[in-house]
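Asker: Please see the structure below; I have some questions.
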Amino acid sequence: MTEPLFIIPFWADLLGVGLGGVQGAMFASGFQGQRRLDLLGVAIIGILIGMGGGLIRDLMLGQPPATLQNNWYLVTAAGAALLGMLLAGLLNRAGPAIVGLDAVVIGMFGAFGTSKAVGLGLPVVPAVFIGVCAAVGGSVLRDVIMGLPVAIMHVGSLYAVAALLGCTAIVGLHALGVGMVIASVIGIAVTAVVRVLAVIFDLSLPEQRRLYRRKVAAETGAIPTVKP
Amino acid sequence: MTEPLFIIPFWADLLGVGLGGVQGAMFASGFQGQRRLDLLGVAIIGILIGMGGGLIRDLMLGQPPATLQNNWYLVTAAGAALLGMLLAGLLNRAGPAIVGLDAVVIGMFGAFGTSKAVGLGLPVVPAVFIGVCAAVGGSVLRDVIMGLPVAIMHVGSLYAVAALLGCTAIVGLHALGVGMVIASVIGIAVTAVVRVLAVIFDLSLPEQRRLYRRKVAAETGAIPTVKP
Amino acid sequence: MTEPLFIIPFWADLLGVGLGGVQGAMFASGFQGQRRLDLLGVAIIGILIGMGGGLIRDLMLGQPPATLQNNWYLVTAAGAALLGMLLAGLLNRAGPAIVGLDAVVIGMFGAFGTSKAVGLGLPVVPAVFIGVCAAVGGSVLRDVIMGLPVAIMHVGSLYAVAALLGCTAIVGLHALGVGMVIASVIGIAVTAVVRVLAVIFDLSLPEQRRLYRRKVAAETGAIPTVKP
């Protein structure tokens with residue numbers, strides 16, 4: 001591969017981390033009463049969402065975590081979280097803009113993960129897998145630490161699927177000879193668009209089914225409600 | 001160590017991953033109603049159980065995750081999970097066969113972990129520890145992600161203990177000069193037999209006790225039921 | 001950097017692991033009834049608390065986990081946990097001594113993390129971050145595995161803040177030219193003192209606030225109780 005690797009631009013990486021931190025703070029602002037968070041808790045959530053996906057990506061790649069080689073990632077994630085906390089009232093009113101930003105951030109984390117994996121010579125399937133883990137890893141860590149049901153595991157709007165499609169687009173375009181920078185930009189766009197459409201149209205994946213239930217349904221013309 | 005290392009055969013490794021995926025799907029099929037999983041959720045559970053233990057093993061060994069160097073592990077785990085989902089009704093009726101298969105899979109994950117650790121020159125205690133983590137790691141990850149109580153932490157059938165005995169057998173036999181392949185096969189058998197016997201006879205470890213409670217019990221002839 | 005690194009003395013490292021193990025057992029002894037732990041569960045909690053922070057530290061540093069290069073760490077952590085279990089009745093009566101010991105252990109884990117990170121050439125912010133993660137990581141893992149709310153995330157006594165101050169003191173003193181050994185001892189003292197004072201005076205961090213709530217409060221002279 002003599003083609004230059006897709007080096008994640010430092011400003012883009014920091015942007016993703018900062019947007020993740022803001023998002024974390026807005027998430028934290030939803031907790032009231034018994035489960036309310038203190039200032040450190042808000043900063044931790046911001047760091048988890050802003051940097052968690054990148055940490056998981058680098059651990060899976062066997063690389064030293066990029067976000068820990070530099071002072072700015074942690075400062076940006078924690079600072080963005082505390083700023084986001086102060087502005088939560090304002091930001092909550094900017095709902096649609098936030099959904100859009102969030103979708104772009106997921107796309108960026110996914111694209112950085114997949115392109116870094118491809119650059120290190122991993123095969124396409126693990127490269128896509130690492131991209132998806134980088135995209136959703138921060139929010140999984142957040143949910144586990146907060147003791148919440150992990151959002152991506154339950155029927156809902158296509159969060160992980162959006163990342164999966166975007167990362168698949170990147171390796172597909174790269175295999176077709178498209179340069180990694182362009183492939184990554186397209187991948188980010190795919191993820192963001194799928195995610196935003198999923199929110200707008202309230203789409204979800206089909207639930208798990210079993211063959212015999214579908215047969216029964218076909219015969220009787222109805223899905224049985226008994227618990228199998 | 002001039003003795004050839006126990007190289008995990010690729011087919012055996014994929015077999016373990018695939019069986020783990022099927023198991024994950026059967027586990028996922030138990031969720032109904034509010035907590036039901038979508039197709040991606042089923043695939044994620046399959047990947048967690050099939051590949052989680054190996055990931056934890058390689059992270060602890062400071063090695064790049066073996067299951068991410070190759071397309072087939074992810075394809076096998078996710079494919080097996082989706083197949084298992086379709087066949088869950090059938091498989092649930094094959095209960096005893098599944099318990100046996102499950103026991104062999106735990107034994108395989110444990111043996112691969114311990115033998116890889118020994119091959120990399122780790123001392124015996126960490127080698128056994130890594131084997132046990134590889135054996136139970138996938139199901140711990142599954143429980144954490146699903147928000148369930150972690151099965152191995154509570155009084156129940158000897159899941160982790162079976163892996164502990166099997167992995168200890170491997171390092172013990174290896175120390176006595178037995179080759180790693182034979183030691184590993186015996187270790188897998190030990191784990192599988194202990195696990196199956198534990199299920200059949202509903203065995204469990206003694207619960208935690210305190211010295212003074214035992215003294216009281218010895219004096220009065222009964223275990224006191226008051227919460228200390 | 002020609003200055004000799006702060007090499008963590010083996011006895012100090014084992015001491016921290018052992019004290020962590022005892023603490024884990026005392027924690028486990030609080031579980032009765034449905035959630036009671038078996039012997040292996042107690043040993044696992046001891047290993048998580050005694051070794052979890054060090055594992056997280058080494059993963060973040062991209063180093064092979066130090067506690068797995070040697071038989072003694074696991075033996076010490078598990079042995080201390082089982083001993084602690086037998087003596088839990090006794091130890092529970094020694095509450096204040098335990099709080100003090102606990103505070104010193106957190107300080108040690110934090111200092112070892114930060115000094116190892118500095119020794120490997122990491123910038124100061126990630127070095128402090130890794131120290132805090134090493135200090136609180138074991139108890140976070142414990143809470144996640146036990147399905148409990150993660151203690152450091154909620155308003156309470158300054159557990160993570162104590163580690164943050166101690167680790168910050170270390171990099172601050174080191175930047176001023178103080179040798180790493182002396183800086184680490186001071187850092188341990190800072191963490192321990194802050195933690196003990198926080199327990200004695202029942203201190204906590206301010207909760208999250210929003211600018212507009214504070215404005216409303218300033219105008220009306222009261223914090224509004226309505227959920228925003």
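Starting from 1 in every chain, residues are counted up; chains themselves are A, B, ... following the order of the structure tokens, and ligands are numbered from 1 as listed.
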Name the residues of region 121-217 of chain C that fall into helix (DSSP H, G or I) according to DSSP on the backbone, using the chain letters and numbers of this document, as a VMD selection string.
Answerer: chain C and resid 124 to 145 151 to 153 159 to 175 180 to 201 211 to 217
Asker: Residues of region 34-140 of chain A that have any atom at most 12 Å from an atom of region 157-163 of chain C: could you tabulate them with the shortest-distance atom pair and the distance in Å to one decimal, using only C-alpha atoms, ordered by chain and increasing number, as JSON lines?
Answerer:
```
{"residue": "A:Asp38", "atom": "CA", "partner": "C:Leu158", "partner_atom": "CA", "distance": 10.3}
{"residue": "A:Leu39", "atom": "CA", "partner": "C:Val161", "partner_atom": "CA", "distance": 10.3}
{"residue": "A:Leu40", "atom": "CA", "partner": "C:Val161", "partner_atom": "CA", "distance": 7.7}
{"residue": "A:Gly41", "atom": "CA", "partner": "C:Ala160", "partner_atom": "CA", "distance": 9.7}
{"residue": "A:Ala43", "atom": "CA", "partner": "C:Val161", "partner_atom": "CA", "distance": 11.7}
{"residue": "A:Ile44", "atom": "CA", "partner": "C:Ala160", "partner_atom": "CA", "distance": 10.4}
```
Asker: Taking into account only C-alpha atoms, which residue in the set A:Ala175, A:Ala127, A:Val99, A:Val136 is nearest to Arg195 (chain A)?
Answerer: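 Result for the nearest residue to Arg195 (chain A): A:Val99.
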Asker: Counting only C-alpha atoms, what are the residues of chain B within 7 Å of chain A, and for each of them which pair of atoms is the nearest and at what distance in Å, to one decimal? Sort the table by chain and rising number, as CSV.
Answerer:
```
residue,atom,partner,partner_atom,distance
B:Arg35,CA,A:His154,CA,6.5
B:Arg36,CA,A:His154,CA,6.6
B:Leu37,CA,A:His154,CA,5.2
B:Asp38,CA,A:Glu207,CA,4.0
B:Leu39,CA,A:Gln208,CA,5.4
B:Gly41,CA,A:Met153,CA,4.9
B:Gln63,CA,A:Gly62,CA,6.7
B:Pro64,CA,A:Gly62,CA,4.8
B:Pro65,CA,A:Met60,CA,6.4
B:Leu68,CA,A:Pro126,CA,5.2
B:Gln69,CA,A:Leu122,CA,6.0
B:Asn70,CA,A:Pro123,CA,6.1
B:Asn71,CA,A:Val125,CA,5.2
B:Met85,CA,A:Arg210,CA,6.2
B:Leu86,CA,A:Arg210,CA,4.4
B:Leu87,CA,A:Arg210,CA,6.4
B:Ala88,CA,A:Arg210,CA,6.6
B:Gly89,CA,A:Arg210,CA,7.0
B:Ile145,CA,A:Val150,CA,6.1
B:Met146,CA,A:Pro149,CA,6.8
B:Gly147,CA,A:Pro149,CA,5.9
```
Asker: To one decimal place in Å, what is the distance between CA of Ala135 (chain C) and CA of Trp72 (chain A)?
Answerer: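 Between CA of Ala135 (chain C) and CA of Trp72 (chain A) the gap is 22.1 Å.
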Asker: What is the distance, in Å and to one decimal place, between CA of Arg57 (chain C) and CA of Leu120 (chain C)?
Answerer: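 Answer for the CA of Arg57 (chain C) to CA of Leu120 (chain C) separation: 12.1 Å.
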Asker: Mind dumping a table of every region 46-126 of chain A residue within 10 Å of region 14-17 of chain A, with the nearest atom pair and its distance in Å to one decimal, using only C-alpha atoms, sorted by chain and rising number, as a tab-separated table?
Answerer:
```
residue	atom	partner	partner_atom	distance
A:Gly46	CA	A:Val17	CA	8.7
A:Ile47	CA	A:Val17	CA	8.0
A:Leu48	CA	A:Val17	CA	9.6
A:Ile49	CA	A:Val17	CA	7.8
A:Gly50	CA	A:Val17	CA	4.1
A:Met51	CA	A:Val17	CA	6.0
A:Gly52	CA	A:Val17	CA	9.3
A:Gly53	CA	A:Val17	CA	9.6
A:Gly54	CA	A:Val17	CA	9.1
A:Thr67	CA	A:Leu14	CA	9.2
A:Trp72	CA	A:Leu14	CA	7.7
A:Tyr73	CA	A:Leu14	CA	6.3
A:Leu74	CA	A:Val17	CA	8.6
A:Val75	CA	A:Val17	CA	9.9
A:Thr76	CA	A:Val17	CA	6.9
A:Ala77	CA	A:Val17	CA	5.6
A:Ala78	CA	A:Val17	CA	9.4
A:Ala80	CA	A:Val17	CA	8.6
A:Leu101	CA	A:Gly16	CA	9.7
A:Asp102	CA	A:Gly16	CA	9.4
A:Val104	CA	A:Gly16	CA	8.7
A:Val105	CA	A:Gly16	CA	5.6
A:Ile106	CA	A:Gly16	CA	8.5
A:Gly107	CA	A:Gly16	CA	9.6
A:Met108	CA	A:Gly16	CA	6.9
A:Phe109	CA	A:Gly16	CA	7.2
```
Asker: At what distance in Å, to one decimal, does CA of Ile8 (chain C) lie from CA of Gly177 (chain C)?
Answerer: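 Pair CA of Gly177 (chain C) / CA of Ile8 (chain C) returns 19.3 Å.
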